[in-house]
Amino acid sequence: MKPTGKNFTGLCLAGAIGLATPTGSVAQKETVSQVKTVKTVSTVKTVSDTVSGRPNVLLILADDLGWRDTGVYGSTFYETPNIDALAQSGVRFTDAYAASPLCSPTRASIMTGQYPVRHGLTTASGHIAGIKVHKEQTTGPADVRGLGPSSLNYLDPAHFTLGEAMKQAGYATAFFGKWHMGHETQFYPENQGFDYVKGGRWHPGPPGKNPQRKFFPPWDCDTLNDDVPPDTHIDDHLADLAIGYMKKQAEAHKPFFICYWAYSVHAPFQSKPELVEKWKHKKIDPDNPQHAPTMGAMIEVLDKNVGRLMKALEDRGLDKNTVVIFTSDNGGNMYDTVDGTTPTSNAPLRNGKGNNYDGGVRVPLIVRWPGVTRPGGISHNVTSSVDHYPSILEMTGLPPRPEQHKDGVSYVPALEGKPFDRGPTLCDFPHAVPATNNTPNTSLRLGDWKLYRFWFDNPKDQSNRYELYNLKDDIGETQDLAATNPQQVGLMADIIDGYYKQTGVLTYHPNEKYNHRTVGTWFSQTDAGRVSADKGSLVIESDQPGFVVRNRFFPPGGRMGYLVFEARSTTQTPVHFAGPGNGITLDPTEKWGHCELPGSQAFLDNKRFALSLVKAGRVELRNVRILTEDKTTVMTALRCY
């Protein structure tokens with residue numbers, strides 16, 4: 001059964017002012033073991049003349065493009081003249097959110113108009129073979145306090161997707177690029193509403209067979225032919241095909257709905273060799289947090305293809321009747337490395353892809369609707385990926401499908417320059433991710449406020465832990481105001497509770513196997529000593545030598561970089577880092593001292609690092625950071641709480 005209640009905005013606003021809300025059925029509590037193939041049938045006419053005069057739609061989705069990765073959004077390093085021009089011809093949203101900090105969940109939310117917590121695809125697992133189950137969990141890794149539901153690895157065909165809605169209304173539907181929502185045939189875009197597909201398979205990144213040339217042929221994809229020059233970039237090839245499709249539909253006088261979902265700028269970090277060389281010769285400012293030449297080249301490929309698509313519309317006179325939407329599936333990657341630095345930086349936003357702070361979920365969004373949007377318009381309204389479904393239906397004159405896009409709210413009023421407030425905006429990311437320092441949590445944006453519920457993550461009693469930020473005053477989410485604003489925390493926590501109760505979506509549970517020895521992301525595996533937090537510092541103490549403490553945060557970019565921190569020991573206790581070979585031993589003094597250890601020597605393996613007390617005593621660490629080779633901070637500091 002599917003929940004039948006109103007969308008999140010309506011029910012939560014009603015609940016917030018004390019009004020009764022309708023009771024929905026408890027949904028998705030059943031384990032998903034079989035894939036449904038029956039589609040909801042609508043009464044909308046499918047005859048082509050029912051869409052005569054309606055606009056075409058071109059939905060461009062970049063992969064891992066961060067909020068600040070274009071010139072119009074503030075980058076002073078990357079060059080994006082075509083995306084900037086698109087923004088000048090339409091409306092640019094400053095506070096647009098991806099439904100998830102990872103790709104597969106957001107993509108499914110665009111297709112369904114539902115938050116990942118509702119549709120069940122909550123992590124980037126669309127490339128995994130077989131059928132995974134969406135179910136609640138009560139046991140997990142011993143160092144994690146709270147557990148969210150497990151994720152599906154596919155977009156359930158039972159959903160009536162945006163593609164199917166457009167196809168049923170008489171649109172020619174085509175998909176070009178990255179799908180990543182299921183490894184099996186029944187989950188491919190051909191079975192989700194798209195007549196013409198190029199790309200559109202399980203691949204998490206570009207499907208090239210050569211690991212050193214993943215963006216170039218030969219391709220491991222049955223919808224792509226290799227009869228193209230060997231230096232053909234896949235996004236160029238897909239743009240060629242999309243342009244050809246536009247021309248064909250224009251000649252047939254049939255409106256089209258095209259998804260151009262680029263493989264750029266997802267890893268691996270590769271591009272056209274001549275562009276990489278060009279960007280290596282650009283003046284690099286080490287103080288600019290964005291300075292990776294390879295990423296500059298990758299973004300240039302994306303930007304040029306946006307320009308090619310726009311020019312193709314103009315050349316055929318289609319620009320006057322085509323809605324163009326440009327956005328990204330999540331924030332920029334700040335946990336890998338390329339060119340000795342992080343691929344990008346989302347500063348001033350906090351963190352990046354794979355983490356639920358704003359750097360992981362705030363994304364660019366530009367909408368051009370000829371005759372409606374004002375050129376050069378800027379909207380500070382909050383939107384979510386789930387809003388594209390109802391918005392596109394409204395822009396094309398189609399009736400809404402509230403039984404499907406349950407969480408989506410049409411942002412058409414914002415495009416028309418009218419007052420618009422979608423209400424509470426939820427982003428749920430239920431997974432502990434060592435690479436990105438994410439702790440299972442649900443966030444809620446309400447006005448200028450953003451609340452995080454870290455489920456069962458209170459170190460004292462395994463209750464929920466909260467953080468609260470005012471984004472108007474603190475866009476970088478640096479000042480947690482939860483302790484001084486209990487009423488605001490309570491109001492927003494009630495809205496989260498209302499959503500879970502109303503929809504019946506799967507929820508979180510305390511980890512029954514929690515070892516009660518975790519401090520932030522630090523933990524010990526034995527009771528031979530004690531780990532605690534004191535005013536932001538990590539305290540390690542034991543009355544015997546050899547007490548080991550680990551950290552579960554390990555971004556891939558740290559291995560060739562540095563582990564940087566301050567340390568002191570009032571007991572003159574040496575501390576040993578168990579790296580390759582004999583590792584490294586430090587002798588901290590009673591005063592705080594700066595320490596900088598090469599990652600190649602300080603990290604034990606590709607997931608964690610470990611340190612131990614050489615003798616009985618007490619050692620304190622603070623301001624712990626992982627830096628890249630060029631001293632760029634990877635994600636955020638390793639906090640203690």
# chains A, B, ... in the order shown; residues from 1 in each chain; ligands from 1
>>> closest_atom_pairs(of="segment 230-284 of chain A", to="segment 150-169 of chain A", cutoff="12 Å", atoms="only C-alpha atoms", output="JSON lines")
{"residue": "A:Lys254", "atom": "CA", "partner": "A:Lys167", "partner_atom": "CA", "distance": 11.5}
{"residue": "A:Pro255", "atom": "CA", "partner": "A:Met166", "partner_atom": "CA", "distance": 9.9}
{"residue": "A:Phe256", "atom": "CA", "partner": "A:Met166", "partner_atom": "CA", "distance": 8.6}
{"residue": "A:Phe257", "atom": "CA", "partner": "A:Met166", "partner_atom": "CA", "distance": 6.9}
{"residue": "A:Ile258", "atom": "CA", "partner": "A:Gly163", "partner_atom": "CA", "distance": 9.2}
{"residue": "A:Cys259", "atom": "CA", "partner": "A:Gly163", "partner_atom": "CA", "distance": 9.1}
>>> select_by_dssp(residues="segment 252-369 of chain A", states="helix (DSSP H, G or I)", output="ChimeraX atom specification")
/A:273-280,293-315,318-321,358-361
>>> residues_around(residues="segment 332-346 of chain A", least_positions_apart="3", cutoff="9 Å", atoms="only C-alpha atoms", output="PyMOL selection string")
chain A and resi 63-69+265-267+269+289-295+349-354+358-361+363+435-436+554-558+560-561+627-635
>>> write_last_selection(atoms="N, CA and C atoms", output="short mmCIF file (atom, residue, chain, number, x, y, z; two decimals), in the first residue's frame")
data_model
loop_
_atom_site.label_atom_id
_atom_site.label_comp_id
_atom_site.auth_asym_id
_atom_site.auth_seq_id
_atom_site.Cartn_x
_atom_site.Cartn_y
_atom_site.Cartn_z
N ASP A 63 26.31 15.85 -12.75
CA ASP A 63 26.63 14.84 -11.74
C ASP A 63 27.73 15.37 -10.81
N ASP A 64 27.41 15.56 -9.55
CA ASP A 64 28.37 16.03 -8.54
C ASP A 64 28.83 17.47 -8.75
N LEU A 65 28.07 18.28 -9.45
CA LEU A 65 28.43 19.68 -9.61
C LEU A 65 27.99 20.44 -8.37
N GLY A 66 28.94 21.06 -7.68
CA GLY A 66 28.65 21.75 -6.44
C GLY A 66 27.97 23.09 -6.64
N TRP A 67 27.41 23.60 -5.55
CA TRP A 67 26.66 24.87 -5.55
C TRP A 67 27.51 26.02 -6.07
N ARG A 68 28.82 25.99 -5.82
CA ARG A 68 29.67 27.12 -6.17
C ARG A 68 30.60 26.80 -7.36
N ASP A 69 30.25 25.79 -8.15
CA ASP A 69 31.15 25.33 -9.21
C ASP A 69 30.96 26.03 -10.55
N VAL A 265 30.30 15.89 -13.53
CA VAL A 265 31.73 15.84 -13.32
C VAL A 265 32.09 14.76 -12.30
N HIS A 266 31.42 13.61 -12.41
CA HIS A 266 31.65 12.50 -11.49
C HIS A 266 33.03 11.88 -11.72
N ALA A 267 33.58 11.29 -10.66
CA ALA A 267 34.82 10.53 -10.78
C ALA A 267 34.64 9.38 -11.78
N PHE A 269 38.44 11.24 -12.15
CA PHE A 269 38.78 12.61 -12.51
C PHE A 269 39.69 12.61 -13.73
N PRO A 289 40.05 28.02 -2.65
CA PRO A 289 39.76 26.62 -2.33
C PRO A 289 39.46 25.77 -3.54
N GLN A 290 39.13 26.38 -4.66
CA GLN A 290 38.93 25.66 -5.92
C GLN A 290 40.15 25.90 -6.80
N HIS A 291 40.94 24.87 -7.04
CA HIS A 291 42.13 25.06 -7.89
C HIS A 291 42.64 23.77 -8.52
N ALA A 292 41.74 22.81 -8.78
CA ALA A 292 42.13 21.57 -9.43
C ALA A 292 41.99 21.71 -10.95
N PRO A 293 43.10 21.69 -11.70
CA PRO A 293 43.02 21.83 -13.16
C PRO A 293 42.14 20.78 -13.83
N THR A 294 42.22 19.54 -13.37
CA THR A 294 41.42 18.48 -14.00
C THR A 294 39.93 18.76 -13.84
N MET A 295 39.53 19.23 -12.67
CA MET A 295 38.12 19.56 -12.48
C MET A 295 37.73 20.75 -13.35
N LEU A 349 29.84 26.90 1.99
CA LEU A 349 29.00 25.86 2.54
C LEU A 349 29.85 24.80 3.23
N ARG A 350 29.24 24.11 4.18
CA ARG A 350 29.96 23.12 4.98
C ARG A 350 29.91 21.74 4.33
N ASN A 351 31.10 21.12 4.25
CA ASN A 351 31.23 19.75 3.74
C ASN A 351 30.81 19.61 2.28
N GLY A 352 30.50 18.38 1.86
CA GLY A 352 30.22 18.15 0.45
C GLY A 352 29.47 16.86 0.22
N LYS A 353 29.56 16.38 -0.99
CA LYS A 353 28.87 15.16 -1.41
C LYS A 353 28.99 14.07 -0.35
N GLY A 354 27.88 13.38 -0.10
CA GLY A 354 27.89 12.28 0.85
C GLY A 354 27.71 12.69 2.28
N ASP A 358 24.93 21.53 4.32
CA ASP A 358 24.52 22.21 3.10
C ASP A 358 25.47 22.00 1.91
N GLY A 359 26.75 21.82 2.17
CA GLY A 359 27.67 21.57 1.07
C GLY A 359 27.38 20.29 0.31
N GLY A 360 26.68 19.36 0.96
CA GLY A 360 26.34 18.11 0.30
C GLY A 360 25.03 18.13 -0.44
N VAL A 361 24.16 19.11 -0.12
CA VAL A 361 22.80 19.07 -0.68
C VAL A 361 22.33 20.37 -1.34
N VAL A 363 22.40 22.93 -4.19
CA VAL A 363 22.86 22.75 -5.57
C VAL A 363 22.44 23.92 -6.44
N ALA A 435 33.82 7.83 4.61
CA ALA A 435 34.56 8.72 3.71
C ALA A 435 34.16 10.18 3.85
N THR A 436 32.94 10.43 4.32
CA THR A 436 32.44 11.80 4.34
C THR A 436 32.08 12.31 5.74
N PHE A 554 37.52 8.25 7.34
CA PHE A 554 38.71 8.16 6.51
C PHE A 554 38.37 8.45 5.05
N PRO A 555 38.52 9.70 4.61
CA PRO A 555 38.30 10.03 3.20
C PRO A 555 39.45 9.50 2.35
N PRO A 556 39.18 9.01 1.16
CA PRO A 556 40.25 8.51 0.30
C PRO A 556 41.35 9.53 0.06
N GLY A 557 41.00 10.82 0.09
CA GLY A 557 41.98 11.85 -0.19
C GLY A 557 43.03 12.04 0.88
N GLY A 558 42.88 11.36 2.01
CA GLY A 558 43.83 11.59 3.10
C GLY A 558 45.11 10.79 3.03
N MET A 560 47.49 10.30 0.84
CA MET A 560 48.70 10.97 0.37
C MET A 560 48.84 12.38 0.95
N GLY A 561 47.97 12.70 1.92
CA GLY A 561 48.03 14.03 2.51
C GLY A 561 48.62 14.01 3.90
N LEU A 627 44.25 16.66 5.72
CA LEU A 627 44.56 17.57 4.63
C LEU A 627 45.03 16.79 3.41
N THR A 628 44.84 17.39 2.24
CA THR A 628 45.36 16.81 1.01
C THR A 628 46.85 17.11 0.90
N GLU A 629 47.42 16.66 -0.18
CA GLU A 629 48.84 16.87 -0.42
C GLU A 629 49.22 18.34 -0.43
N ASP A 630 48.32 19.21 -0.92
CA ASP A 630 48.62 20.64 -0.96
C ASP A 630 48.02 21.39 0.23
N LYS A 631 47.67 20.66 1.27
CA LYS A 631 47.21 21.21 2.55
C LYS A 631 45.78 21.75 2.50
N THR A 632 44.96 21.26 1.58
CA THR A 632 43.54 21.61 1.56
C THR A 632 42.79 20.69 2.52
N THR A 633 41.90 21.25 3.33
CA THR A 633 41.13 20.45 4.27
C THR A 633 40.14 19.56 3.53
N VAL A 634 40.12 18.28 3.90
CA VAL A 634 39.18 17.32 3.32
C VAL A 634 37.94 17.27 4.20
N MET A 635 36.79 17.60 3.63
CA MET A 635 35.52 17.64 4.37
C MET A 635 35.67 18.56 5.58
#
>>> atom_distance(atom1="atom CA of Pro459 of chain A", atom2="atom CA of Arg568 of chain A")
23.9 Å
>>> closest_residue(among="A:Phe420, A:Ile83, A:Thr139, A:Arg118", to="Met310 of chain A", atoms="only C-alpha atoms")
A:Ile83
>>> closest_atom_pairs(of="segment 387-494 of chain A", to="segment 91-103 of chain A", cutoff="9 Å", atoms="only C-alpha atoms", output="tab-separated table")
residue	atom	partner	partner_atom	distance
A:Ala414	CA	A:Val91	CA	8.9
A:Leu415	CA	A:Val91	CA	6.8
A:Thr425	CA	A:Tyr97	CA	8.6
A:Leu426	CA	A:Ala99	CA	7.8
A:Cys427	CA	A:Ala99	CA	5.8
A:Asp428	CA	A:Ser100	CA	6.9
A:Phe429	CA	A:Ser100	CA	6.7
>>> atom_distance(atom1="atom CA of Arg639 of chain A", atom2="atom CA of Lys460 of chain A")
16.2 Å
>>> atom_distance(atom1="atom CA of Gln525 of chain A", atom2="atom CA of Ser569 of chain A")
21.9 Å
>>> residues_around(residues="Gln462 of chain A", least_positions_apart="2", cutoff="12 Å", atoms="only C-alpha atoms", output="count of residues only")
24
